[in-house]
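> One structure follows; several queries about it will come next.
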Amino acid sequence: QLQLVESGGGLVQPGGSLRLSCAASGFTFEDYAIGWFRQAPGKEREGVSCISKSGGSTNYADSVKGRFTISRDNAKNTVYLQMNSLKHADTAIYYCAADGRALGPDLYCSGYVTPDYWGQGTQVTVSS
């Protein structure tokens, strides 16, 4: 059974950092592109950052470029999202998602294609 489990969320002050992890199981991890998405209260879900199967191609929302870094460790079946210089506007539930189609990460993060599999999410709250 395919499973995605997010961790690493929490409460952090503006300007602080967090690292989210997405641990995968039940499928051949390196055959799947992975994306991080977020949804704030009253707002639509948005793509934050996505990474290709090999990790050689990444995509970022304009709002997080230069602050967030996505990476994957296929040996550990895990994708990470390093979030630095956090802002109040980054407060949201963060979800990771996986998709086995051979599509570029930009297509997932832009919302053009919806990944097939989703985790339960982890809350990130940026507040002083």
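Ordering of the structure tokens sets the chain letters (A, B, ...); residue numbers start at 1 within each chain; ligands are numbered from 1 in the order shown.
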Got a sec: who's within 8 Å of Ala97 of chain A, counting only C-alpha atoms, leaving out chain neighbours fewer than 2 positions off, as a list in words?
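Once the nearby chain positions are removed, what remains is Leu4, Ile34, Gly35, Trp36, Phe37, Tyr95, Asp99, Pro115, Asp116, Tyr117, Trp118 and Gly119 of chain A.
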> The selected residues should be written to file as a tab-separated table (two decimals), in the first residue's frame (atoms: C-alpha atoms).

chain	number	residue	atom	x	y	z
A	4	LEU	CA	3.41	9.13	2.30
A	34	ILE	CA	7.37	14.16	-5.57
A	35	GLY	CA	5.90	17.54	-4.76
A	36	TRP	CA	5.27	19.69	-1.71
A	37	PHE	CA	1.99	21.58	-1.64
A	95	TYR	CA	1.38	18.04	2.02
A	99	ASP	CA	3.05	10.70	-9.09
A	115	PRO	CA	-0.43	14.01	-8.37
A	116	ASP	CA	-2.13	10.69	-7.72
A	117	TYR	CA	-1.05	10.06	-4.13
A	118	TRP	CA	-1.10	12.35	-1.12
A	119	GLY	CA	0.02	12.34	2.48
> Excluding Glu44 of chain A and residues on its chain fewer than 5 positions from it, collect all residues at most 12 Å away from it, counting only C-alpha atoms, and give them as a list in words.
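Within the cut-off, the hits are Phe37, Arg38, Gln39, Ala92, Ile93 and Gly111 of chain A.
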> Suppose you want the space between atom CA of Arg101 of chain A and atom CA of Asp31 of chain A; what is it in Å?
8.5 Å
> Which polymer residues have any atom within 9 Å of an atom of Arg19 of chain A, counting only C-alpha atoms, with same-chain residues fewer than 4 positions away left out, as an MDAnalysis selection string?
chainID A and resid 7:9 80:84
> If you count only C-alpha atoms, which residues fall within 9 Å of Val64 of chain A, apart from same-chain ones fewer than 5 positions away, as an MDAnalysis selection string?
chainID A and resid 48:49 69 83 90
> Write out as a list in words which residues come within 8 Å of Ala23 of chain A when counting only C-alpha atoms, dropping same-chain ones fewer than 4 positions away.
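The residues satisfying every condition are Leu4, Val5, Glu6, Asn77, Thr78 and Val79 of chain A.
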> Using DSSP assignments from the backbone, pull out every residue in chain A that falls under helix (DSSP H, G or I) and give it to me as JSON, numbers by chain.
{"A": [29, 30, 31, 62, 63, 64, 88, 89, 90, 105, 106, 107, 108, 109]}
> Could the residues in this selection be saved with N, CA and C atoms as a PDB file, in the first residue's frame?

ATOM      1  N   PHE A  29      10.122   4.071  -5.015  1.00  0.00           N
ATOM      2  CA  PHE A  29      10.231   5.509  -4.785  1.00  0.00           C
ATOM      3  C   PHE A  29      10.874   6.246  -5.951  1.00  0.00           C
ATOM      4  N   GLU A  30      11.938   5.674  -6.504  1.00  0.00           N
ATOM      5  CA  GLU A  30      12.679   6.389  -7.540  1.00  0.00           C
ATOM      6  C   GLU A  30      11.923   6.467  -8.866  1.00  0.00           C
ATOM      7  N   ASP A  31      10.781   5.840  -8.950  1.00  0.00           N
ATOM      8  CA  ASP A  31       9.955   5.920 -10.152  1.00  0.00           C
ATOM      9  C   ASP A  31       8.901   7.021 -10.072  1.00  0.00           C
ATOM     10  N   ASP A  62       7.161  31.047  -7.022  1.00  0.00           N
ATOM     11  CA  ASP A  62       7.900  32.312  -6.937  1.00  0.00           C
ATOM     12  C   ASP A  62       8.015  32.791  -5.494  1.00  0.00           C
ATOM     13  N   SER A  63       7.006  32.533  -4.705  1.00  0.00           N
ATOM     14  CA  SER A  63       6.967  33.038  -3.336  1.00  0.00           C
ATOM     15  C   SER A  63       8.004  32.392  -2.420  1.00  0.00           C
ATOM     16  N   VAL A  64       8.580  31.263  -2.837  1.00  0.00           N
ATOM     17  CA  VAL A  64       9.540  30.570  -1.974  1.00  0.00           C
ATOM     18  C   VAL A  64      10.928  30.463  -2.589  1.00  0.00           C
ATOM     19  N   HIS A  88       5.220  34.919   7.888  1.00  0.00           N
ATOM     20  CA  HIS A  88       3.853  34.626   8.315  1.00  0.00           C
ATOM     21  C   HIS A  88       3.058  33.966   7.177  1.00  0.00           C
ATOM     22  N   ALA A  89       3.296  34.428   5.956  1.00  0.00           N
ATOM     23  CA  ALA A  89       2.552  33.937   4.793  1.00  0.00           C
ATOM     24  C   ALA A  89       2.833  32.473   4.474  1.00  0.00           C
ATOM     25  N   ASP A  90       3.867  31.900   5.098  1.00  0.00           N
ATOM     26  CA  ASP A  90       4.176  30.486   4.870  1.00  0.00           C
ATOM     27  C   ASP A  90       3.336  29.568   5.763  1.00  0.00           C
ATOM     28  N   PRO A 105       8.419  18.313 -13.147  1.00  0.00           N
ATOM     29  CA  PRO A 105       7.931  18.812 -11.861  1.00  0.00           C
ATOM     30  C   PRO A 105       7.157  20.116 -11.977  1.00  0.00           C
ATOM     31  N   ASP A 106       7.432  20.889 -13.009  1.00  0.00           N
ATOM     32  CA  ASP A 106       6.705  22.145 -13.169  1.00  0.00           C
ATOM     33  C   ASP A 106       5.224  21.907 -13.428  1.00  0.00           C
ATOM     34  N   LEU A 107       4.899  20.802 -14.071  1.00  0.00           N
ATOM     35  CA  LEU A 107       3.494  20.510 -14.356  1.00  0.00           C
ATOM     36  C   LEU A 107       2.718  20.192 -13.083  1.00  0.00           C
ATOM     37  N   TYR A 108       3.380  19.567 -12.125  1.00  0.00           N
ATOM     38  CA  TYR A 108       2.710  19.268 -10.854  1.00  0.00           C
ATOM     39  C   TYR A 108       2.572  20.536 -10.020  1.00  0.00           C
ATOM     40  N   CYS A 109       3.641  21.274  -9.884  1.00  0.00           N
ATOM     41  CA  CYS A 109       3.616  22.445  -9.009  1.00  0.00           C
ATOM     42  C   CYS A 109       2.721  23.550  -9.544  1.00  0.00           C
TER      43      CYS A 109
END
